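Here is the file work33.cif (mmCIF, C-alpha atoms).
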data_target
#
loop_
_atom_site.group_PDB
_atom_site.id
_atom_site.type_symbol
_atom_site.label_atom_id
_atom_site.label_comp_id
_atom_site.auth_asym_id
_atom_site.auth_seq_id
_atom_site.Cartn_x
_atom_site.Cartn_y
_atom_site.Cartn_z
ATOM 1 C CA VAL A 1025 32.531 -15.822 5.547
ATOM 2 C CA LEU A 1026 33.454 -17.685 2.383
ATOM 3 C CA VAL A 1027 35.307 -16.057 -0.516
ATOM 4 C CA LYS A 1028 33.393 -17.049 -3.662
ATOM 5 C CA SER A 1029 35.471 -15.189 -6.233
ATOM 6 C CA HIS A 1030 38.126 -12.553 -6.627
ATOM 7 C CA SER A 1031 39.937 -10.727 -9.372
ATOM 8 C CA GLU A 1032 42.069 -7.625 -9.444
ATOM 9 C CA GLY A 1033 40.187 -5.015 -7.429
ATOM 10 C CA ASN A 1034 37.115 -7.201 -6.787
ATOM 11 C CA VAL A 1035 36.011 -9.693 -4.139
ATOM 12 C CA VAL A 1036 32.724 -11.557 -3.661
ATOM 13 C CA CYS A 1037 32.015 -13.311 -0.354
ATOM 14 C CA GLU A 1038 29.039 -15.174 1.049
ATOM 15 C CA MET A 1039 27.813 -15.985 4.522
ATOM 16 C CA ILE A 1040 24.726 -17.057 6.419
ATOM 17 C CA VAL A 1041 23.677 -14.838 9.316
ATOM 18 C CA GLN A 1042 24.154 -16.798 12.537
ATOM 19 C CA PRO A 1043 22.628 -16.038 15.957
ATOM 20 C CA HIS A 1044 25.971 -14.695 17.240
ATOM 21 C CA HIS A 1045 25.935 -12.101 14.388
ATOM 22 C CA ALA A 1046 22.530 -10.784 15.451
ATOM 23 C CA ASN A 1047 21.233 -8.114 17.762
ATOM 24 C CA ARG A 1048 18.472 -8.798 20.309
ATOM 25 C CA THR A 1049 15.784 -8.526 17.616
ATOM 26 C CA GLY A 1050 17.295 -11.371 15.563
ATOM 27 C CA ALA A 1051 18.658 -9.132 12.810
ATOM 28 C CA LEU A 1052 22.265 -8.780 11.655
ATOM 29 C CA HIS A 1053 23.910 -6.305 14.029
ATOM 30 C CA GLY A 1054 24.961 -3.036 12.395
ATOM 31 C CA ALA A 1055 28.468 -3.390 13.827
ATOM 32 C CA MET A 1056 28.753 -6.826 12.195
ATOM 33 C CA THR A 1057 27.676 -5.317 8.888
ATOM 34 C CA ALA A 1058 30.370 -2.653 9.268
ATOM 35 C CA LEU A 1059 32.982 -5.299 10.069
ATOM 36 C CA LEU A 1060 32.007 -7.369 7.017
ATOM 37 C CA MET A 1061 32.164 -4.354 4.721
ATOM 38 C CA ASP A 1062 35.510 -3.219 6.131
ATOM 39 C CA GLU A 1063 37.063 -6.678 5.749
ATOM 40 C CA VAL A 1064 35.752 -7.341 2.237
ATOM 41 C CA THR A 1065 36.676 -3.881 0.894
ATOM 42 C CA THR A 1066 40.165 -4.359 2.374
ATOM 43 C CA ALA A 1067 40.411 -7.711 0.599
ATOM 44 C CA ALA A 1068 39.395 -6.073 -2.694
ATOM 45 C CA ILE A 1069 42.108 -3.449 -2.281
ATOM 46 C CA GLN A 1070 44.668 -6.150 -1.476
ATOM 47 C CA THR A 1071 43.927 -7.929 -4.769
ATOM 48 C CA SER A 1072 45.423 -5.008 -6.671
ATOM 49 C CA HIS A 1073 48.690 -6.037 -8.303
ATOM 50 C CA SER A 1074 50.125 -2.567 -7.817
ATOM 51 C CA LEU A 1075 49.576 -2.536 -4.047
ATOM 52 C CA GLU A 1076 52.704 -3.249 -2.023
ATOM 53 C CA LYS A 1077 51.849 -1.507 1.255
ATOM 54 C CA ARG A 1078 49.587 -2.097 4.218
ATOM 55 C CA GLY A 1079 46.818 0.329 4.967
ATOM 56 C CA VAL A 1080 44.111 1.293 7.387
ATOM 57 C CA SER A 1081 40.519 2.321 6.849
ATOM 58 C CA THR A 1082 40.089 6.062 7.182
ATOM 59 C CA ASN A 1083 36.361 6.324 6.503
ATOM 60 C CA LEU A 1084 33.458 3.885 6.450
ATOM 61 C CA ASP A 1085 30.124 5.315 5.322
ATOM 62 C CA ILE A 1086 27.225 2.856 5.499
ATOM 63 C CA THR A 1087 23.577 3.281 4.602
ATOM 64 C CA PHE A 1088 21.373 0.548 6.047
ATOM 65 C CA ILE A 1089 18.436 -0.291 3.779
ATOM 66 C CA ARG A 1090 16.769 -3.204 5.583
ATOM 67 C CA SER A 1091 17.493 -5.890 8.162
ATOM 68 C CA ALA A 1092 19.020 -9.260 7.379
ATOM 69 C CA LEU A 1093 17.618 -11.959 9.658
ATOM 70 C CA VAL A 1094 19.266 -14.964 11.277
ATOM 71 C CA GLY A 1095 19.484 -17.739 8.680
ATOM 72 C CA GLU A 1096 19.552 -15.336 5.735
ATOM 73 C CA HIS A 1097 22.154 -15.911 3.018
ATOM 74 C CA LEU A 1098 24.224 -12.792 2.249
ATOM 75 C CA THR A 1099 26.424 -11.912 -0.695
ATOM 76 C CA ILE A 1100 29.030 -9.231 0.023
ATOM 77 C CA THR A 1101 30.590 -7.652 -3.070
ATOM 78 C CA ALA A 1102 33.417 -5.124 -2.924
ATOM 79 C CA SER A 1103 35.352 -3.334 -5.624
ATOM 80 C CA VAL A 1104 38.108 -0.774 -5.843
ATOM 81 C CA GLN A 1105 36.892 2.510 -7.308
ATOM 82 C CA LYS A 1106 40.249 4.299 -7.354
ATOM 83 C CA LEU A 1107 43.698 3.266 -6.244
ATOM 84 C CA GLY A 1108 46.035 6.179 -5.669
ATOM 85 C CA ARG A 1109 49.612 6.395 -4.491
ATOM 86 C CA THR A 1110 48.694 6.720 -0.804
ATOM 87 C CA ILE A 1111 44.939 6.121 -0.575
ATOM 88 C CA ALA A 1112 42.403 3.750 -2.067
ATOM 89 C CA PHE A 1113 38.651 4.177 -2.531
ATOM 90 C CA SER A 1114 36.325 1.202 -2.604
ATOM 91 C CA SER A 1115 32.621 0.399 -2.534
ATOM 92 C CA CYS A 1116 30.655 -2.503 -1.139
ATOM 93 C CA GLU A 1117 27.153 -3.948 -1.350
ATOM 94 C CA VAL A 1118 25.535 -6.499 0.913
ATOM 95 C CA LEU A 1119 22.688 -8.376 -0.747
ATOM 96 C CA GLY A 1120 20.275 -10.627 1.091
ATOM 97 C CA ARG A 1121 17.183 -12.597 0.154
ATOM 98 C CA ASP A 1122 15.847 -11.957 -3.321
ATOM 99 C CA ASP A 1123 19.096 -10.068 -4.082
ATOM 100 C CA ARG A 1124 17.822 -7.083 -2.110
ATOM 101 C CA LEU A 1125 20.209 -4.584 -0.519
ATOM 102 C CA VAL A 1126 20.685 -4.907 3.212
#
In C-alpha cells, write the structure found in this file.
Amino acid sequence: VLVKSHSEGNVVCEMIVQPHHANRTGALHGAMTALLMDEVTTAAIQTSHSLEKRGVSTNLDITFIRSALVGEHLTITASVQKLGRTIAFSSCEVLGRDDRLV
C-alpha cells in the first residue's frame, strides 16, 4: 500500500491486488478489504492536528459492491467525518477499475 496524499483528516492510498491478497476465486478477500479500510481510516484520524491519543476501532461497517481481481489497481480514500473528545468517526471508499466502488 502506497500513501499518495494526505492532509488533515484525509488520506489517499493506492495498491495493486496481489495473489496473496485474494481468495480462492482470485478476488480481493473481504478480510483484506476490511484490513485496508481499518488501516487507512486510522491513518486519516491520525492526521488530525488535535489528536494526541491512541485509539482502537470500535465499529467497522462495510458494504461490498463488487469484486476486485488480482492485478487490479485500487485507490483507498479515507476521511474524518467527526472528531470528538473521545471518539472519531470516519468514512472510506475503495475504488477499482474505471473508478468503480469495490
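For Ile1040 in chain A, the non-local neighbours within 9 Å, defined as residues at least 2 positions apart in the same chain or in other chains and counting all atoms listed in the file, are Val1025, Glu1038, Gln1042, Val1094, Gly1095, Glu1096, His1097, Leu1098 and Thr1099 of chain A.
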| query | Neighbours of Glu1117 in chain A within 12 Å (all atoms listed in the file; same-chain residues fewer than 3 positions away dropped), as JSON, numbers by chain? | reply | {"A": [1034, 1035, 1036, 1037, 1038, 1057, 1058, 1060, 1061, 1062, 1064, 1065, 1085, 1086, 1087, 1088, 1089, 1098, 1099, 1100, 1101, 1102, 1103, 1114, 1120, 1123, 1124, 1125, 1126]}
| field | Nearest to Val1104 in chain A, chosen from A:His1053, A:Leu1026, A:Met1039, A:Ser1031, with only C-alpha atoms counted in the distances | value |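 Closest to Val1104 in chain A of all the choices is A:Ser1031.
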| request: Determine the nearest neighbour of Pro1043 in chain A from the options A:Val1027, A:Val1118, A:Ala1092, A:Phe1113, counting only C-alpha atoms. | output: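 The closest residue to Pro1043 in chain A is A:Ala1092.
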| message | I'd like to know which of A:Leu1059, A:Gly1033, A:Lys1028, A:Ala1067 is closest to His1045 in chain A, using all atoms listed in the file. | response |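 When distances to His1045 in chain A are compared using all atoms listed in the file, the smallest one comes from A:Leu1059.
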| query | For Thr1110 in chain A, which residue among A:Gly1079, A:Ala1068, A:Ala1051, A:Glu1032 is the nearest when counting all atoms listed in the file? | reply | A:Gly1079
My structure is short of atoms at range 1086-1106 of chain A; please model N, CA, C and O atoms there, returning them as an mmCIF file, in the coordinates of the input.
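Okay, selection19.cif is ready:
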data_model
loop_
_atom_site.group_PDB
_atom_site.id
_atom_site.type_symbol
_atom_site.label_atom_id
_atom_site.label_comp_id
_atom_site.auth_asym_id
_atom_site.auth_seq_id
_atom_site.Cartn_x
_atom_site.Cartn_y
_atom_site.Cartn_z
ATOM 1 N N ILE A 1086 28.167 3.940 5.772
ATOM 2 C CA ILE A 1086 27.225 2.856 5.499
ATOM 3 C C ILE A 1086 25.796 3.385 5.566
ATOM 4 O O ILE A 1086 25.436 4.088 6.503
ATOM 5 N N THR A 1087 25.010 3.021 4.582
ATOM 6 C CA THR A 1087 23.577 3.281 4.602
ATOM 7 C C THR A 1087 22.871 1.942 4.746
ATOM 8 O O THR A 1087 23.046 1.050 3.914
ATOM 9 N N PHE A 1088 22.106 1.788 5.809
ATOM 10 C CA PHE A 1088 21.373 0.548 6.047
ATOM 11 C C PHE A 1088 20.005 0.657 5.390
ATOM 12 O O PHE A 1088 19.247 1.592 5.640
ATOM 13 N N ILE A 1089 19.689 -0.301 4.530
ATOM 14 C CA ILE A 1089 18.436 -0.291 3.779
ATOM 15 C C ILE A 1089 17.358 -1.117 4.482
ATOM 16 O O ILE A 1089 16.221 -0.689 4.607
ATOM 17 N N ARG A 1090 17.711 -2.324 4.903
ATOM 18 C CA ARG A 1090 16.769 -3.204 5.583
ATOM 19 C C ARG A 1090 17.554 -4.204 6.421
ATOM 20 O O ARG A 1090 18.761 -4.338 6.280
ATOM 21 N N SER A 1091 16.863 -4.901 7.283
ATOM 22 C CA SER A 1091 17.493 -5.890 8.162
ATOM 23 C C SER A 1091 17.705 -7.207 7.435
ATOM 24 O O SER A 1091 16.893 -7.604 6.609
ATOM 25 N N ALA A 1092 18.793 -7.874 7.799
ATOM 26 C CA ALA A 1092 19.020 -9.260 7.379
ATOM 27 C C ALA A 1092 18.812 -10.114 8.622
ATOM 28 O O ALA A 1092 19.366 -9.833 9.683
ATOM 29 N N LEU A 1093 17.993 -11.150 8.503
ATOM 30 C CA LEU A 1093 17.618 -11.959 9.658
ATOM 31 C C LEU A 1093 18.497 -13.193 9.811
ATOM 32 O O LEU A 1093 19.129 -13.644 8.848
ATOM 33 N N VAL A 1094 18.525 -13.736 11.015
ATOM 34 C CA VAL A 1094 19.266 -14.964 11.277
ATOM 35 C C VAL A 1094 18.813 -16.021 10.272
ATOM 36 O O VAL A 1094 17.620 -16.180 10.018
ATOM 37 N N GLY A 1095 19.767 -16.717 9.676
ATOM 38 C CA GLY A 1095 19.484 -17.739 8.680
ATOM 39 C C GLY A 1095 19.521 -17.234 7.251
ATOM 40 O O GLY A 1095 19.548 -18.016 6.307
ATOM 41 N N GLU A 1096 19.557 -15.917 7.081
ATOM 42 C CA GLU A 1096 19.552 -15.336 5.735
ATOM 43 C C GLU A 1096 20.929 -15.456 5.080
ATOM 44 O O GLU A 1096 21.961 -15.242 5.709
ATOM 45 N N HIS A 1097 20.935 -15.811 3.814
ATOM 46 C CA HIS A 1097 22.154 -15.911 3.018
ATOM 47 C C HIS A 1097 22.507 -14.522 2.498
ATOM 48 O O HIS A 1097 21.664 -13.830 1.924
ATOM 49 N N LEU A 1098 23.764 -14.102 2.709
ATOM 50 C CA LEU A 1098 24.224 -12.792 2.249
ATOM 51 C C LEU A 1098 25.329 -12.937 1.220
ATOM 52 O O LEU A 1098 26.152 -13.844 1.304
ATOM 53 N N THR A 1099 25.329 -12.040 0.258
ATOM 54 C CA THR A 1099 26.424 -11.912 -0.695
ATOM 55 C C THR A 1099 27.023 -10.529 -0.499
ATOM 56 O O THR A 1099 26.314 -9.527 -0.573
ATOM 57 N N ILE A 1100 28.327 -10.488 -0.217
ATOM 58 C CA ILE A 1100 29.030 -9.231 0.023
ATOM 59 C C ILE A 1100 29.988 -9.020 -1.139
ATOM 60 O O ILE A 1100 30.879 -9.839 -1.367
ATOM 61 N N THR A 1101 29.781 -7.941 -1.883
ATOM 62 C CA THR A 1101 30.590 -7.652 -3.070
ATOM 63 C C THR A 1101 31.305 -6.331 -2.882
ATOM 64 O O THR A 1101 30.685 -5.322 -2.568
ATOM 65 N N ALA A 1102 32.622 -6.343 -3.071
ATOM 66 C CA ALA A 1102 33.417 -5.124 -2.924
ATOM 67 C C ALA A 1102 34.281 -4.917 -4.152
ATOM 68 O O ALA A 1102 34.746 -5.882 -4.775
ATOM 69 N N SER A 1103 34.487 -3.652 -4.489
ATOM 70 C CA SER A 1103 35.352 -3.334 -5.624
ATOM 71 C C SER A 1103 36.108 -2.035 -5.365
ATOM 72 O O SER A 1103 35.627 -1.152 -4.658
ATOM 73 N N VAL A 1104 37.280 -1.970 -5.940
ATOM 74 C CA VAL A 1104 38.108 -0.774 -5.843
ATOM 75 C C VAL A 1104 37.607 0.235 -6.870
ATOM 76 O O VAL A 1104 37.440 -0.090 -8.043
ATOM 77 N N GLN A 1105 37.332 1.440 -6.411
ATOM 78 C CA GLN A 1105 36.892 2.510 -7.308
ATOM 79 C C GLN A 1105 38.072 3.316 -7.828
ATOM 80 O O GLN A 1105 38.090 3.722 -8.979
ATOM 81 N N LYS A 1106 39.054 3.550 -6.964
ATOM 82 C CA LYS A 1106 40.249 4.299 -7.354
ATOM 83 C C LYS A 1106 41.377 3.894 -6.429
ATOM 84 O O LYS A 1106 41.203 3.810 -5.222
#
